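**Q** Sharing a structure below in structure tokens format, with a few things to ask.
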Amino acid sequence: MKALGIGTLSAGVLLEGCKTKPKDEVVVKSPGNTESDRLPEEVERDKKLNEQTFFTPHEMATITVLSNIIIPKDDRSGSASDAKVPEFIEFIVKDKPEQQVPMRGGLRWLDMQCFKRYNNPFKDCDSKQQIEIVDEIAYPAKAKPDMKPGVAFFDRMRSLTATGFFSSKMGIEDVGYVGNVPNKWEGVPADIIKQYGLENVGFSPKAS
Amino acid sequence: MGEIQIKKSSKQYDAVIVGSGAGGGMAAYVLANAGLKVLLLEAGPYFDPKIHSSQLKFSYESPRRGASTKERAGGDFDAAYGGWDIDGEPYTRKDNTEFDWFRSRMLGGRTNHWGRISLRFGPKDFQPNDGVSERWPITYEEVKPYYDKVDRLIGVYGSVEGLENDPDGIFLPAPKPRLPELFIMKGAAAAGVKVIPGRGSILTEALPGNRDRGVCFFCGQCGRSCKVYADFSSSSCLVIPALKTGNLELISNAMVREVITGKNGLATGVSYVNRDDLQEYQVNGKSVILGASSCESTRIMFNSKSQRHPNGLGNSSGVLGKYLQDSTGASKSGFLPQLLDRKRFNEDGAGAIHLYGPWVLDNKKLDFPRGYHIEFGGGMGMPGYGFGGIVPQMNGKYPGPDGKMKEGGGYGASLKNDYRRFYGTTFGMSGRGVGMARVDNYCEIDPNVVDKFGIPVLRFHYKWNNDEINQAKHMQETFSSIIHEMGAIPLTEHRAENMWGLAAPGRIIHEVGSARMGDDAKKSVLNKWCQAHDCKNVFVVDGASHVQQSDKNATWTILALSMRTAEYILEQRKMLNI
């Protein structure tokens, strides 16, 4: 075994060339370096985040209703909650604490609007009432001025829901991404070049 | 707690190299293969893409779907450990400077997460004739043999174009354009903007003579680093092969404080702190080669004071730290309504640009010197954090599948369908150009601040000038014109008020120039071999030596010059000069 002056050099590195390994295989380790693509501090950080809870059960129930209104089940794929979007949103607000105030505040704002109109928080209103209030905050260009906080909140919910859904396994399949697999890239398929009339677009071959 | 001691080794290496990026890695490779006993010190942890890459993970394998974190500023799967803000390693700024300094603390440094765009400088970059900047003390003809060797050693794709100031390399085939990129080519041609195939260090075919690296399989994830070593990163292509010679020792997590010099002013070695055991070490080398990245090497030299080097090692000229440059950068994105509801296919392609816009314009008609290149891209990428941002912005502006207009934003079945419709319809273009070398753009040591290891930190002073602002304006005008000719819709607008989207200095992560080379020891830190004028056994092989940056990214030139410097070291040793 080839060990390099461990007493005087950093104890952090061991250079091993064992007889059982092929001659040209070299293993260099340093402490804190796992055999995976995550650093120990990343594993630790995510573990701590997963042990925390941010949203209350009431808030999670509201998020679930909202996310399913934004991305419902259809004939191609399931709903936002089928794709675990509420759980994703819970993780994100822990990971990105700057999202906590706008999310918590927006949820409460929505509940207060619903109390005023329907005497119930949002999640306990019937679906006709829920759609009525969503209609007032889902369309930025036509929202009334005093609905603007709701518009900002709904924009945020919509973004988080779309991210959470379409980056999930269900969503990636739904949107039709077929990459992330070893292949040989040969350019845009000929039938698609023809579809857009791009046959004459290309680099002319040069004499070498 | 434990005592602190300084552990001094009696062993003397032929060369001690600081930093394992493009420059340090190449020097280690050349010298170890030549039989020298080399020690390579890297401030960050060991990193082997084969083991440590996140390549081929889906977004949902990250709880944050690939969003960035403190540990990885580039994204959860990005190869770079680090960012602009590292705990315990501050830097400062003065005079309302906005300079952001990126550090990648890991084996291979920035070569793990860089864009793989590989461009030779041209003759006019080394020897400009417009009188606007200093000339380098070297010519393209002197560097060309090293560019050729680097192309053969590492591999680069591209196309032979015969452009005067974008010299051709020894190319592997360039990847074909994606669908939005075909629209870009058509629009650029109509706008009179030259676009050629990209140039990137990815093995689109097997590299002749190399059995250790695999061929690219077009996942487009070079930024995660490549498990089969199909792209260039210093760890996979230089350091790990050099370790196999048995002549190279690598110490990771070693943060170098200073170069130690003897009474005669020559370097005897370096001192470093080990980040794991927090103990101090000194190692000896007949030569010391700094490749810690431009500003970090400069910092080490400033901090290497002695009686013979009162202003820092190599700084008798007072020029150390000055003439710091980062590239200019401004971008614009757009949307192609023609591509709504596009058919799906695997469009990942290569992880470096498929299209490149070289600088070919005549400055006589322009209000700025030099120029910029353009990087183009677009296609159906893997959905991740932030997916579909364009949809609420645009879905009220185009008729739906039923031909009817609707209100923008929304929810429900029709919104869900909008995300499908708009997928793969966007594209972007970025300019990367020449920031001029100015004596008053510099880094220096902050006299009041040390980092967590007690090493004095850098303080930056940097302002963009009208030359750079006008260049960014021209970039935006060029982008707008291309987008218009494409029949596409711009998604971003920039105005004079935000300097046309010119990125803050440091944001392009191309810092060079802070230990410039020159023939005159009164006006430069290094000679044309990147050897310190004041200390002939100290060399600097990262971008610090660059006199004036060009419109091409620095990495390929860093590799060529480091190889050239390493061969010069071997020659000088034979002649017993060092």
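A note on labels: chains of the structure tokens are A, B, ... as shown, every chain counts residues from 1, and ligands are counted from 1 in their shown order.
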I need the chain A residues near chain B as a VMD selection string; criterion: at most 7 Å, counting only C-alpha atoms.

**A** chain A and resid 8 10 12 to 13 24 26 30 35 to 37 69 to 72 92 138 to 140 159 162 to 163 166 to 169 172 175 to 188 201 208

**Q** Can you list every residue of region 486-576 of chain B that has an atom at most 9 Å from region 455-470 of chain B, with its nearest atom pair and the distance in Å to one decimal, using only C-alpha atoms, ordered by chain then number, as a Markdown table?

**A**
```
| residue | atom | partner | partner_atom | distance |
| --- | --- | --- | --- | --- |
| B:Ala496 | CA | B:Ile469 | CA | 8.6 |
| B:Met499 | CA | B:Ile469 | CA | 6.0 |
| B:Trp500 | CA | B:Ile469 | CA | 7.2 |
| B:Leu502 | CA | B:Ile469 | CA | 6.9 |
| B:Ala504 | CA | B:Trp464 | CA | 8.4 |
| B:Pro505 | CA | B:Tyr462 | CA | 7.2 |
```

**Q** Kindly provide the residues of region 129-194 of chain A that approach region 96-112 of chain A to within 9 Å, each paired with its closest atom pair and their distance in Å to one decimal, based on only C-alpha atoms, listed by chain and increasing number, as a Markdown table.

**A**
```
| residue | atom | partner | partner_atom | distance |
| --- | --- | --- | --- | --- |
| A:Ile133 | CA | A:Leu110 | CA | 8.4 |
| A:Pro149 | CA | A:Gly106 | CA | 7.4 |
| A:Gly150 | CA | A:Gly106 | CA | 6.7 |
| A:Ala152 | CA | A:Gly106 | CA | 8.3 |
| A:Phe153 | CA | A:Gly106 | CA | 5.3 |
| A:Phe154 | CA | A:Gly106 | CA | 8.1 |
| A:Arg156 | CA | A:Met103 | CA | 8.0 |
| A:Met157 | CA | A:Met103 | CA | 8.0 |
```

**Q** Please write the residues from the selection above to a file, keeping N, CA and C atoms, as a PDB file, in the first residue's frame.

**A**
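The resulting file, out13.pdb, is shown below:
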```pdb
ATOM      1  N   ILE A 133     -64.272  33.239  -5.912  1.00  0.00           N
ATOM      2  CA  ILE A 133     -63.175  34.066  -5.399  1.00  0.00           C
ATOM      3  C   ILE A 133     -61.916  33.868  -6.238  1.00  0.00           C
ATOM      4  N   PRO A 149     -53.522  42.122  -3.814  1.00  0.00           N
ATOM      5  CA  PRO A 149     -52.737  41.193  -2.978  1.00  0.00           C
ATOM      6  C   PRO A 149     -53.067  39.737  -3.304  1.00  0.00           C
ATOM      7  N   GLY A 150     -54.336  39.488  -3.610  1.00  0.00           N
ATOM      8  CA  GLY A 150     -54.737  38.132  -3.965  1.00  0.00           C
ATOM      9  C   GLY A 150     -54.162  37.702  -5.296  1.00  0.00           C
ATOM     10  N   ALA A 152     -51.279  38.702  -6.527  1.00  0.00           N
ATOM     11  CA  ALA A 152     -49.864  38.375  -6.289  1.00  0.00           C
ATOM     12  C   ALA A 152     -49.735  37.003  -5.648  1.00  0.00           C
ATOM     13  N   PHE A 153     -50.617  36.727  -4.694  1.00  0.00           N
ATOM     14  CA  PHE A 153     -50.575  35.418  -4.024  1.00  0.00           C
ATOM     15  C   PHE A 153     -50.905  34.303  -5.010  1.00  0.00           C
ATOM     16  N   PHE A 154     -51.937  34.503  -5.826  1.00  0.00           N
ATOM     17  CA  PHE A 154     -52.339  33.445  -6.746  1.00  0.00           C
ATOM     18  C   PHE A 154     -51.281  33.204  -7.808  1.00  0.00           C
ATOM     19  N   ARG A 156     -48.121  33.419  -7.319  1.00  0.00           N
ATOM     20  CA  ARG A 156     -47.110  32.625  -6.622  1.00  0.00           C
ATOM     21  C   ARG A 156     -47.577  31.166  -6.505  1.00  0.00           C
ATOM     22  N   MET A 157     -48.844  30.976  -6.104  1.00  0.00           N
ATOM     23  CA  MET A 157     -49.395  29.616  -5.991  1.00  0.00           C
ATOM     24  C   MET A 157     -49.363  28.917  -7.329  1.00  0.00           C
TER      25      MET A 157
END
```

**Q** Can you work out which one of B:Ala242, B:Ile170, B:Met575, B:Ala190 has the shortest atom-to-atom distance to Leu207 (chain B), counting only C-alpha atoms?

**A** B:Ile170

**Q** Please provide the set of residues having any atom within 10 Å of Tyr398 (chain B), restricted to only C-alpha atoms, with same-chain residues fewer than 3 positions apart removed, written as a count of residues only.

**A** 11

**Q** Rank nothing, just name the residue among A:Leu49, A:Ala61, A:Ile131, A:Met147 nearest to Asp95 (chain A), using only C-alpha atoms.

**A** A:Leu49

**Q** Output as a ChimeraX atom specification all residues of region 314-406 of chain B that backbone DSSP marks as strand (DSSP E).

**A** /B:328-335,355-357,372-378

**Q** Next, write the just-selected residues to a file, as a PDB file, in the first residue's frame, keeping C-alpha atoms as the atom set.

**A**
```
ATOM      1  CA  THR B 328     -19.290  42.157 -20.299  1.00  0.00           C
ATOM      2  CA  GLY B 329     -22.540  40.230 -20.437  1.00  0.00           C
ATOM      3  CA  ALA B 330     -26.115  41.016 -21.434  1.00  0.00           C
ATOM      4  CA  SER B 331     -28.933  38.709 -22.507  1.00  0.00           C
ATOM      5  CA  LYS B 332     -32.338  38.623 -24.075  1.00  0.00           C
ATOM      6  CA  SER B 333     -34.895  35.840 -24.302  1.00  0.00           C
ATOM      7  CA  GLY B 334     -37.796  35.335 -26.662  1.00  0.00           C
ATOM      8  CA  PHE B 335     -40.770  33.187 -27.539  1.00  0.00           C
ATOM      9  CA  LEU B 355     -24.666  28.107 -32.273  1.00  0.00           C
ATOM     10  CA  TYR B 356     -22.004  30.797 -31.928  1.00  0.00           C
ATOM     11  CA  GLY B 357     -21.972  34.377 -33.150  1.00  0.00           C
ATOM     12  CA  TYR B 372     -18.450  40.489 -28.108  1.00  0.00           C
ATOM     13  CA  HIS B 373     -19.545  37.048 -29.170  1.00  0.00           C
ATOM     14  CA  ILE B 374     -23.084  35.706 -28.915  1.00  0.00           C
ATOM     15  CA  GLU B 375     -24.200  32.430 -27.344  1.00  0.00           C
ATOM     16  CA  PHE B 376     -27.583  31.118 -28.531  1.00  0.00           C
ATOM     17  CA  GLY B 377     -29.793  28.332 -27.217  1.00  0.00           C
ATOM     18  CA  GLY B 378     -33.309  26.992 -26.932  1.00  0.00           C
TER      19      GLY B 378
END
```

**Q** If we count only C-alpha atoms and set the cut-off at 10 Å, which residues sit around Asn210 (chain B), ignoring sequence neighbours fewer than 5 positions away in its own chain? Please answer as JSON, numbers by chain.

**A** {"B": [152, 153, 154, 155]}

**Q** Only N, CA and C atoms, please: the residues just picked out, written as a PDB file, in the first residue's frame.

**A**
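As written to disk, selection-v3.pdb reads:
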```pdb
ATOM      1  N   ARG B 152      -5.834  18.507 -29.348  1.00  0.00           N
ATOM      2  CA  ARG B 152      -5.624  17.057 -29.512  1.00  0.00           C
ATOM      3  C   ARG B 152      -5.685  16.328 -28.179  1.00  0.00           C
ATOM      4  N   LEU B 153      -5.215  16.986 -27.135  1.00  0.00           N
ATOM      5  CA  LEU B 153      -5.205  16.338 -25.820  1.00  0.00           C
ATOM      6  C   LEU B 153      -6.602  16.246 -25.229  1.00  0.00           C
ATOM      7  N   ILE B 154      -7.377  17.320 -25.378  1.00  0.00           N
ATOM      8  CA  ILE B 154      -8.643  17.435 -24.658  1.00  0.00           C
ATOM      9  C   ILE B 154      -9.864  17.282 -25.560  1.00  0.00           C
ATOM     10  N   GLY B 155      -9.759  17.752 -26.809  1.00  0.00           N
ATOM     11  CA  GLY B 155     -10.865  17.582 -27.742  1.00  0.00           C
ATOM     12  C   GLY B 155     -11.814  18.763 -27.718  1.00  0.00           C
TER      13      GLY B 155
END
```

**Q** Near Tyr157 (chain B), counting only C-alpha atoms, which residues have an atom at most 8 Å away, once you skip same-chain residues fewer than 4 positions from it, shown as a list of chain:residue names?

**A**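 Within the cut-off, the hits are B:Phe171, B:Leu172, B:Pro173, B:Ala174, B:Pro175, B:Gly198, B:Arg199, B:Gly200, B:Ser201, B:Ile202, B:Leu203, B:Thr204.
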
**Q** Create the file for the chosen residues now, containing C-alpha atoms and written as a PDB file, in the first residue's frame.

**A**
```
ATOM      1  CA  PHE B 171     -12.246  19.933 -34.531  1.00  0.00           C
ATOM      2  CA  LEU B 172     -14.568  17.080 -33.733  1.00  0.00           C
ATOM      3  CA  PRO B 173     -17.984  17.441 -35.408  1.00  0.00           C
ATOM      4  CA  ALA B 174     -20.227  20.194 -34.034  1.00  0.00           C
ATOM      5  CA  PRO B 175     -23.734  19.213 -32.911  1.00  0.00           C
ATOM      6  CA  GLY B 198     -20.608  26.303 -31.723  1.00  0.00           C
ATOM      7  CA  ARG B 199     -17.183  25.381 -30.382  1.00  0.00           C
ATOM      8  CA  GLY B 200     -17.159  23.293 -27.232  1.00  0.00           C
ATOM      9  CA  SER B 201     -14.901  20.868 -25.401  1.00  0.00           C
ATOM     10  CA  ILE B 202     -17.128  17.841 -25.630  1.00  0.00           C
ATOM     11  CA  LEU B 203     -16.221  14.561 -27.322  1.00  0.00           C
ATOM     12  CA  THR B 204     -18.942  14.333 -29.952  1.00  0.00           C
TER      13      THR B 204
END
```

**Q** Residues near Pro57 (chain A), anyone? I mean within 12 Å using only C-alpha atoms, not counting same-chain ones fewer than 3 positions away, as number ranges by chain.

**A** A: 53-54, 60-64, 86-87, 90, 123

**Q** Report the residues of region 38-132 of chain A whose backbone DSSP state falls under helix (DSSP H, G or I), written as a PyMOL selection string.

**A** chain A and resi 40-51+57-70+85-95+97-118+122-124+127-132

**Q** Show which residues sit within 6 Å of region 17-33 of chain B, as a ChimeraX atom specification. Count only C-alpha atoms, and ignore same-chain residues fewer than 6 positions away.

**A** /B:40-42,107-109,234,238-239,242,247-248,288-292,541-542,558-559,562,566
